[in-house]
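As provided, work_36.txt (compact mmCIF, C-alpha atoms and all ligand atoms) reads as follows.
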```
# COMPACT_ATOMS: atom_id res chain seq x y z
CA MET M 16 0.00 0.00 0.00
CA THR M 17 1.07 3.52 -0.68
CA ASP M 18 -0.09 6.53 1.27
CA PRO M 19 -3.62 7.22 -0.18
CA THR M 20 -3.39 11.00 0.21
CA PRO M 21 -2.68 13.75 -2.32
CA ALA M 22 0.96 13.77 -1.10
CA GLY M 23 1.24 10.00 -1.52
CA LEU M 24 -0.25 10.24 -4.98
CA VAL M 25 2.23 12.92 -6.03
CA ASP M 26 5.10 10.75 -4.72
CA ALA M 27 3.83 7.90 -6.89
CA VAL M 28 3.05 10.08 -9.94
CA PRO M 29 5.60 12.95 -9.81
CA ALA M 30 4.24 14.60 -12.96
CA LEU M 31 1.22 15.64 -10.87
CA ALA M 32 3.42 17.90 -8.71
CA SER M 33 3.05 20.80 -11.15
CA TYR M 34 -0.73 20.63 -10.64
CA LEU M 35 -0.60 21.05 -6.86
CA ARG M 36 -1.99 24.42 -5.81
CA PRO M 37 -1.95 25.92 -2.33
CA ALA M 38 -5.40 26.38 -0.81
CA THR M 39 -6.97 27.40 2.50
CA LEU M 40 -9.90 25.43 3.87
CA LEU M 41 -11.97 27.81 5.99
CA HIS M 42 -14.00 25.44 8.24
CA PRO M 43 -16.70 27.99 9.21
CA GLU M 44 -18.43 27.57 12.56
CA ALA M 45 -21.50 29.62 13.57
CA LYS M 46 -20.19 31.69 16.46
CA ALA M 47 -19.79 35.46 16.95
CA PRO M 48 -16.59 36.52 15.13
CA THR M 49 -14.21 39.14 16.48
CA ALA M 50 -14.26 42.59 14.90
CA HIS M 51 -10.93 42.37 13.04
CA GLY M 52 -9.95 38.75 12.34
CA SER M 53 -10.95 36.59 9.38
CA SER M 54 -14.66 35.83 9.50
CA LEU M 55 -17.72 34.91 7.51
CA GLY M 56 -20.99 36.87 7.39
CA GLY M 57 -19.71 39.98 9.20
CA PRO M 58 -19.22 42.05 11.29
CA ALA M 59 -18.43 44.57 8.56
CA LEU M 60 -15.37 46.76 8.30
CA TRP M 61 -15.09 49.49 5.69
CA PRO M 62 -12.80 52.41 4.83
CA ASP M 63 -13.82 55.43 6.87
CA GLY M 64 -15.93 57.85 4.86
CA ALA M 65 -16.29 55.54 1.82
CA PRO M 66 -19.85 54.68 0.80
CA TRP M 67 -21.07 51.14 1.37
CA PRO M 68 -21.40 49.37 -2.02
CA HIS M 69 -24.78 48.72 -3.63
CA CYS M 70 -25.83 46.45 -6.48
CA THR M 71 -26.80 48.21 -9.65
CA ALA M 72 -27.45 45.11 -11.78
CA GLY M 73 -30.91 44.15 -12.91
CA HIS M 74 -32.72 41.32 -11.13
CA PRO M 75 -35.10 38.85 -12.71
CA ASP M 76 -37.52 39.51 -9.84
CA ASP M 77 -37.58 43.29 -10.40
CA ALA M 78 -40.47 42.94 -12.85
CA TYR M 79 -42.61 41.27 -10.20
CA GLU M 80 -42.18 43.93 -7.56
CA ASP M 81 -45.15 46.14 -6.79
CA ALA M 82 -46.29 48.15 -9.77
CA ALA M 83 -46.40 51.45 -7.86
CA PRO M 84 -44.01 54.08 -9.25
CA ARG M 85 -40.78 54.21 -7.32
CA ASP M 86 -37.88 56.54 -6.95
CA PRO M 87 -35.56 55.01 -9.59
CA GLU M 88 -32.57 55.49 -7.31
CA ILE M 89 -34.14 53.37 -4.58
CA THR M 90 -35.22 50.73 -7.07
CA ALA M 91 -31.70 50.47 -8.43
CA ALA M 92 -29.90 50.28 -5.10
CA ILE M 93 -29.69 47.12 -3.01
CA ALA M 94 -27.00 47.14 -0.33
CA LEU M 95 -24.45 44.32 -0.66
CA VAL M 96 -23.95 42.05 2.34
CA PRO M 97 -20.62 40.92 3.79
CA VAL M 98 -19.86 37.28 2.97
CA LEU M 99 -16.20 36.72 3.80
CA ARG M 100 -13.32 38.70 5.23
CA VAL M 101 -9.89 37.14 5.18
CA ARG M 102 -6.56 38.43 6.43
CA ALA M 103 -3.53 37.86 4.21
CA ALA M 104 -1.88 35.83 6.99
CA ASP M 105 -4.69 33.27 6.73
CA ALA M 106 -4.40 32.81 2.94
CA PRO M 107 -0.91 34.01 1.94
CA HIS M 108 -1.08 32.22 -1.43
CA LEU M 109 -3.81 34.52 -2.84
CA PRO M 110 -2.72 37.09 -5.47
CA TRP M 111 -2.53 39.98 -2.98
CA PRO M 112 -2.07 43.38 -4.66
CA ASP M 113 0.76 45.53 -3.26
CA GLY M 114 -0.18 46.92 0.13
CA ALA M 115 -3.41 44.95 0.53
CA ASP M 116 -3.71 42.65 3.53
CA VAL M 117 -7.47 42.09 3.77
CA LEU M 118 -9.83 40.63 1.18
CA GLN M 119 -13.54 41.27 1.62
CA VAL M 120 -16.07 39.34 -0.44
CA LEU M 121 -19.50 40.97 -0.65
CA TRP M 122 -22.52 39.92 -2.65
CA CYS M 123 -25.94 41.16 -3.62
CA PRO M 124 -28.24 38.68 -1.85
CA ASN M 125 -30.57 38.24 -4.81
CA ASP M 126 -30.56 36.23 -8.01
CA HIS M 127 -29.09 37.65 -11.22
CA ASP M 128 -29.30 36.10 -14.64
CA ASP M 129 -27.39 38.45 -16.94
CA ILE M 130 -24.06 39.21 -15.25
CA GLN M 131 -21.87 36.53 -16.87
CA GLY M 132 -22.29 37.31 -20.55
CA ASP M 133 -23.17 34.23 -22.58
CA ARG M 134 -22.33 31.91 -19.74
CA TYR M 135 -25.33 30.49 -17.85
CA TYR M 136 -25.49 31.85 -14.31
CA TYR M 137 -28.33 32.34 -11.84
CA GLY M 138 -27.25 33.52 -8.40
CA PRO M 139 -25.82 36.35 -6.29
CA ALA M 140 -23.62 39.10 -7.79
CA VAL M 141 -20.16 38.93 -6.14
CA GLU M 142 -17.67 41.75 -5.52
CA LEU M 143 -14.10 41.46 -4.23
CA HIS M 144 -12.45 44.28 -2.32
CA TRP M 145 -8.69 44.05 -1.66
CA GLN M 146 -8.00 46.47 1.18
CA ARG M 147 -5.61 47.58 3.91
CA ALA M 148 -6.54 46.58 7.45
CA ASP M 149 -5.26 49.81 8.94
CA GLY M 150 -7.70 51.84 6.83
CA LEU M 151 -10.80 49.94 7.94
CA ALA M 152 -13.29 50.79 10.68
CA PRO M 153 -16.40 48.98 11.95
CA ARG M 154 -19.44 49.76 9.82
CA THR M 155 -23.09 48.81 10.05
CA PRO M 156 -24.13 48.22 6.43
CA PRO M 157 -27.51 49.51 5.32
CA ARG M 158 -30.19 46.85 5.36
CA SER M 159 -30.72 45.33 1.93
CA ARG M 160 -34.02 46.47 0.50
CA ARG M 161 -34.65 42.95 -0.74
CA SER M 162 -32.86 39.66 -0.18
CA ASP M 163 -33.19 35.90 -0.42
CA ASP M 164 -32.71 34.36 3.03
CA GLU M 165 -30.53 31.63 1.58
CA TYR M 166 -27.97 34.30 0.58
CA LEU M 167 -27.69 35.82 4.08
CA PRO M 168 -24.84 34.01 5.85
CA THR M 169 -24.96 33.40 9.60
CA PRO M 170 -21.86 34.98 11.19
CA CYS M 171 -19.10 32.39 11.60
CA VAL M 172 -15.60 32.14 12.95
CA LEU M 173 -13.05 30.41 10.71
CA ARG M 174 -10.35 27.84 11.39
CA PRO M 175 -8.12 28.30 8.33
CA GLN M 176 -6.17 25.20 7.31
CA GLN M 177 -3.44 25.30 4.64
CA ILE M 178 -3.47 22.41 2.17
CA ARG M 179 -2.18 21.51 -1.28
CA ASP M 180 -5.01 20.82 -3.70
CA LEU M 181 -5.09 18.60 -6.79
CA PRO M 182 -7.43 19.33 -9.74
CA ASP M 183 -10.61 17.72 -10.91
CA ARG M 184 -9.81 14.88 -13.32
CA ASP M 185 -11.28 16.98 -16.15
CA GLU M 186 -8.33 19.37 -15.77
CA LEU M 187 -5.71 16.63 -16.29
CA PRO M 188 -4.31 15.28 -19.56
CA GLY M 189 -5.44 11.71 -20.30
CA GLU M 190 -2.29 9.86 -19.17
CA LEU M 191 -2.08 11.67 -15.86
CA ARG M 192 -5.77 11.17 -15.23
CA SER M 193 -5.38 7.42 -15.80
CA ALA M 194 -2.31 7.25 -13.57
CA ALA M 195 -4.13 9.14 -10.79
CA GLU M 196 -7.22 6.96 -11.05
CA GLU M 197 -5.16 3.75 -11.06
CA PHE M 198 -3.27 4.90 -7.95
CA ALA M 199 -6.57 5.64 -6.21
CA GLU M 200 -8.04 2.28 -7.16
CA ARG M 201 -4.95 0.36 -5.98
CA ASN M 202 -5.37 2.08 -2.63
CA GLY M 203 -9.09 1.55 -2.23
CA THR M 204 -10.01 5.20 -2.85
CA GLU M 205 -11.45 7.26 -5.68
CA TYR M 206 -9.43 10.09 -7.19
CA HIS M 207 -12.25 12.59 -7.63
CA ARG M 208 -13.87 11.83 -4.27
CA ASP M 209 -10.87 11.37 -1.98
CA LEU M 210 -7.80 12.99 -3.50
CA ALA M 211 -8.82 15.97 -5.65
CA CYS M 212 -10.61 19.29 -5.11
CA ALA M 213 -10.91 19.40 -1.33
CA GLY M 214 -14.53 20.22 -0.41
CA GLY M 215 -16.06 22.96 1.70
CA TRP M 216 -15.45 26.72 1.80
CA LYS M 217 -12.05 27.11 0.18
CA LEU M 218 -9.72 29.88 -0.99
CA GLY M 219 -7.31 29.09 -3.85
CA GLY M 220 -6.82 25.53 -5.02
CA TRP M 221 -9.05 24.06 -7.72
CA PRO M 222 -12.80 24.11 -8.41
CA SER M 223 -14.66 20.83 -8.72
CA TRP M 224 -16.75 20.19 -11.82
CA ARG M 225 -19.03 17.80 -10.05
CA SER M 226 -22.28 18.52 -11.83
CA THR M 227 -21.11 19.80 -15.23
CA ASP M 228 -18.04 18.76 -17.15
CA LEU M 229 -15.22 21.28 -17.17
CA ILE M 230 -16.41 24.58 -18.62
CA PRO M 231 -13.39 26.92 -18.75
CA VAL M 232 -14.02 30.39 -17.33
CA ASP M 233 -12.50 33.19 -19.41
CA CYS M 234 -12.27 36.83 -18.37
CA GLY M 235 -15.14 38.90 -19.79
CA ALA M 236 -12.81 41.92 -20.09
CA CYS M 237 -9.60 40.49 -21.62
CA GLY M 238 -10.25 36.83 -22.46
CA ALA M 239 -7.57 35.36 -20.15
CA ARG M 240 -8.32 31.97 -18.58
CA MET M 241 -9.44 32.82 -15.04
CA ARG M 242 -8.22 31.26 -11.83
CA HIS M 243 -10.28 29.83 -8.98
CA LEU M 244 -10.31 32.13 -5.95
CA LEU M 245 -13.17 30.94 -3.73
CA THR M 246 -15.60 28.07 -3.34
CA VAL M 247 -18.81 28.83 -1.43
CA GLU M 248 -20.46 25.67 -0.22
CA SER M 249 -24.13 25.22 0.68
CA GLY M 250 -24.76 23.83 4.13
CA ASP M 251 -25.36 24.27 7.83
CA ASP M 252 -22.65 26.73 8.83
CA PRO M 253 -23.05 29.50 7.66
CA ASP M 254 -26.46 28.32 6.46
CA VAL M 255 -26.36 29.56 2.87
CA SER M 256 -27.56 27.69 -0.19
CA VAL M 257 -26.28 28.39 -3.70
CA GLY M 258 -27.11 26.74 -7.02
CA ARG M 259 -29.77 24.33 -5.75
CA HIS M 260 -27.74 23.41 -2.68
CA GLY M 261 -24.50 23.15 -4.63
CA GLU M 262 -21.28 25.17 -4.87
CA LEU M 263 -20.51 28.66 -6.13
CA HIS M 264 -17.05 29.21 -7.60
CA VAL M 265 -15.58 32.69 -7.84
CA PHE M 266 -12.77 33.21 -10.37
CA VAL M 267 -10.34 36.10 -10.80
CA CYS M 268 -8.45 37.36 -13.84
CA PRO M 269 -4.71 36.59 -13.63
CA GLN M 270 -3.93 39.70 -15.71
CA ASP M 271 -5.88 42.25 -13.70
CA LEU M 272 -7.71 41.78 -10.39
CA GLY M 273 -9.87 44.76 -11.32
CA HIS M 274 -11.56 42.81 -14.11
CA PRO M 275 -15.04 41.52 -13.19
CA VAL M 276 -15.09 38.18 -11.38
CA GLY M 277 -16.09 34.95 -13.11
CA LEU M 278 -18.89 32.96 -11.46
CA ASP M 279 -19.82 29.30 -11.85
CA LEU M 280 -22.38 27.13 -10.09
CA GLN M 281 -22.03 23.39 -9.54
ZN ZN M 301 -28.18 42.60 -7.33
ZN ZN M 302 -9.00 39.97 -17.55
```

Please render this file's structure as structure tokens.
Ligand SMILES: [Zn+2]
Ligand SMILES: [Zn+2]
Amino acid sequence: MTDPTPAGLVDAVPALASYLRPATLLHPEAKAPTAHGSSLGGPALWPDGAPWPHCTAGHPDDAYEDAAPRDPEITAAIALVPVLRVRAADAPHLPWPDGADVLQVLWCPNDHDDIQGDRYYYGPAVELHWQRADGLAPRTPPRSRRSDDEYLPTPCVLRPQQIRDLPDRDELPGELRSAAEEFAERNGTEYHRDLACAGGWKLGGWPSWRSTDLIPVDCGACGARMRHLLTVESGDDPDVSVGRHGELHVFVCPQDLGHPVGLDLQ
């Protein structure tokens, strides 16, 4: 028997080493987070004096809202909600811009159906904010005018764990995929279930393509192949549900972090 772990597999099939990517498993637990550490679902921090971000995209449900005339500014503005805040020390492998040491992930807690170009997508609109911790102060975000409960995360503390992640078999060339699957079989495991794409809330690493085959995500602004940044998993803590109780993958452009994120549901 060989060691049936990703490390054991890479020892047995060294060509897989170039596919290992660092990742952070977040292990959220519903419990009041501290004001400044890494956390999920708030509490919010924001640069002093800067406005809290609002969603300006259209929503498929907008047409069904009451027919009374509204102030167009109010109709257009739904406050984003805090999803994840992570300190650089907890995920040092992310593509941190110079000077940034906090990443905040916010989303509009409503469904959207036209924010990914031709690519099918039906879910929350996600924004990333790469910031400096010393410029942030506690902030109570405005209440969202409208939201789906399943997109409002319960506040959680995190127990970040650093791992090395191997890709979904769809990402591997044929010979390597066969070698990985043979190794898994010899050791009484399955590659895609036990050795690749660690599950749960995850920063970095690889996305799983568990319900579709691999559909590459290319940047809508420059066409570059995007890189997986975050997996949001449906489940108890923090009690969110995405993509019919599946996973939401957030991708970033390797050329420019300012390009709009790529989103994929599994
Ligand atoms: Zn929205
Ligand atoms: Zn780009």

All residues having an atom within 12 Å of ligand ZN 302 (chain M) (only C-alpha atoms and all ligand atoms) as a list of chain:residue names
M:Val232, M:Asp233, M:Cys234, M:Gly235, M:Ala236, M:Cys237, M:Gly238, M:Ala239, M:Arg240, M:Met241, M:Arg242, M:Phe266, M:Val267, M:Cys268, M:Pro269, M:Gln270, M:Asp271, M:Leu272, M:Gly273, M:His274, M:Pro275, M:Val276, M:Gly277

Between M:Tyr137, M:Trp61, M:Trp221, M:Tyr34, which has the minimum distance to ligand ZN 301 (chain M) (counting all atoms listed in the file)?
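The closest residue to ligand ZN 301 (chain M) is M:Tyr137.
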
Please determine, counting only C-alpha atoms and all ligand atoms, which residue among M:Val257, M:Cys123, M:Ala38, M:Val101 has the shortest atom-to-atom distance to ligand ZN 301 (chain M).
M:Cys123

Under the rule of at most 7 Å, produce a per-residue listing of chain M near ligand ZN 301 (chain M): chain, number, name, the closest pair of atoms, and the distance in Å, as a Markdown table, using all atoms listed in the file.
```
| residue | atom | partner | partner_atom | distance |
| --- | --- | --- | --- | --- |
| M:Cys70 | CA | M:ZN301 | ZN | 4.6 |
| M:Thr71 | CA | M:ZN301 | ZN | 6.2 |
| M:Ala72 | CA | M:ZN301 | ZN | 5.2 |
| M:Gly73 | CA | M:ZN301 | ZN | 6.4 |
| M:His74 | CA | M:ZN301 | ZN | 6.1 |
| M:Ile93 | CA | M:ZN301 | ZN | 6.4 |
| M:Cys123 | CA | M:ZN301 | ZN | 4.6 |
| M:Pro124 | CA | M:ZN301 | ZN | 6.7 |
| M:Asn125 | CA | M:ZN301 | ZN | 5.6 |
| M:Asp126 | CA | M:ZN301 | ZN | 6.8 |
| M:His127 | CA | M:ZN301 | ZN | 6.4 |
| M:Pro139 | CA | M:ZN301 | ZN | 6.8 |
| M:Ala140 | CA | M:ZN301 | ZN | 5.8 |
```

Compile the contact shell of segment 49-57 of chain M as a ChimeraX atom specification: residues with an atom at most 10 Å away, counting all atoms listed in the file, same-chain residues fewer than 3 positions apart removed.
/M:41,43-46,60,96-106,117-121,148,151-156,167-175,252-253

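Atom CA of Tyr135 of chain M is positioned 19.9 Å from atom CA of Asp163 of chain M.
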
Nearest residue to Gly203 of chain M from the set M:Gly261, M:Pro19, M:His69, M:Gln281 (distances using only C-alpha atoms)
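Nearest candidate to Gly203 of chain M out of M:Gly261, M:Pro19, M:His69, M:Gln281: M:Pro19.
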
Nearest to Ser193 of chain M among M:Cys212, M:Val141, M:Leu278, M:Leu31, with distances taken over all atoms listed in the file: which residue is it?
M:Leu31
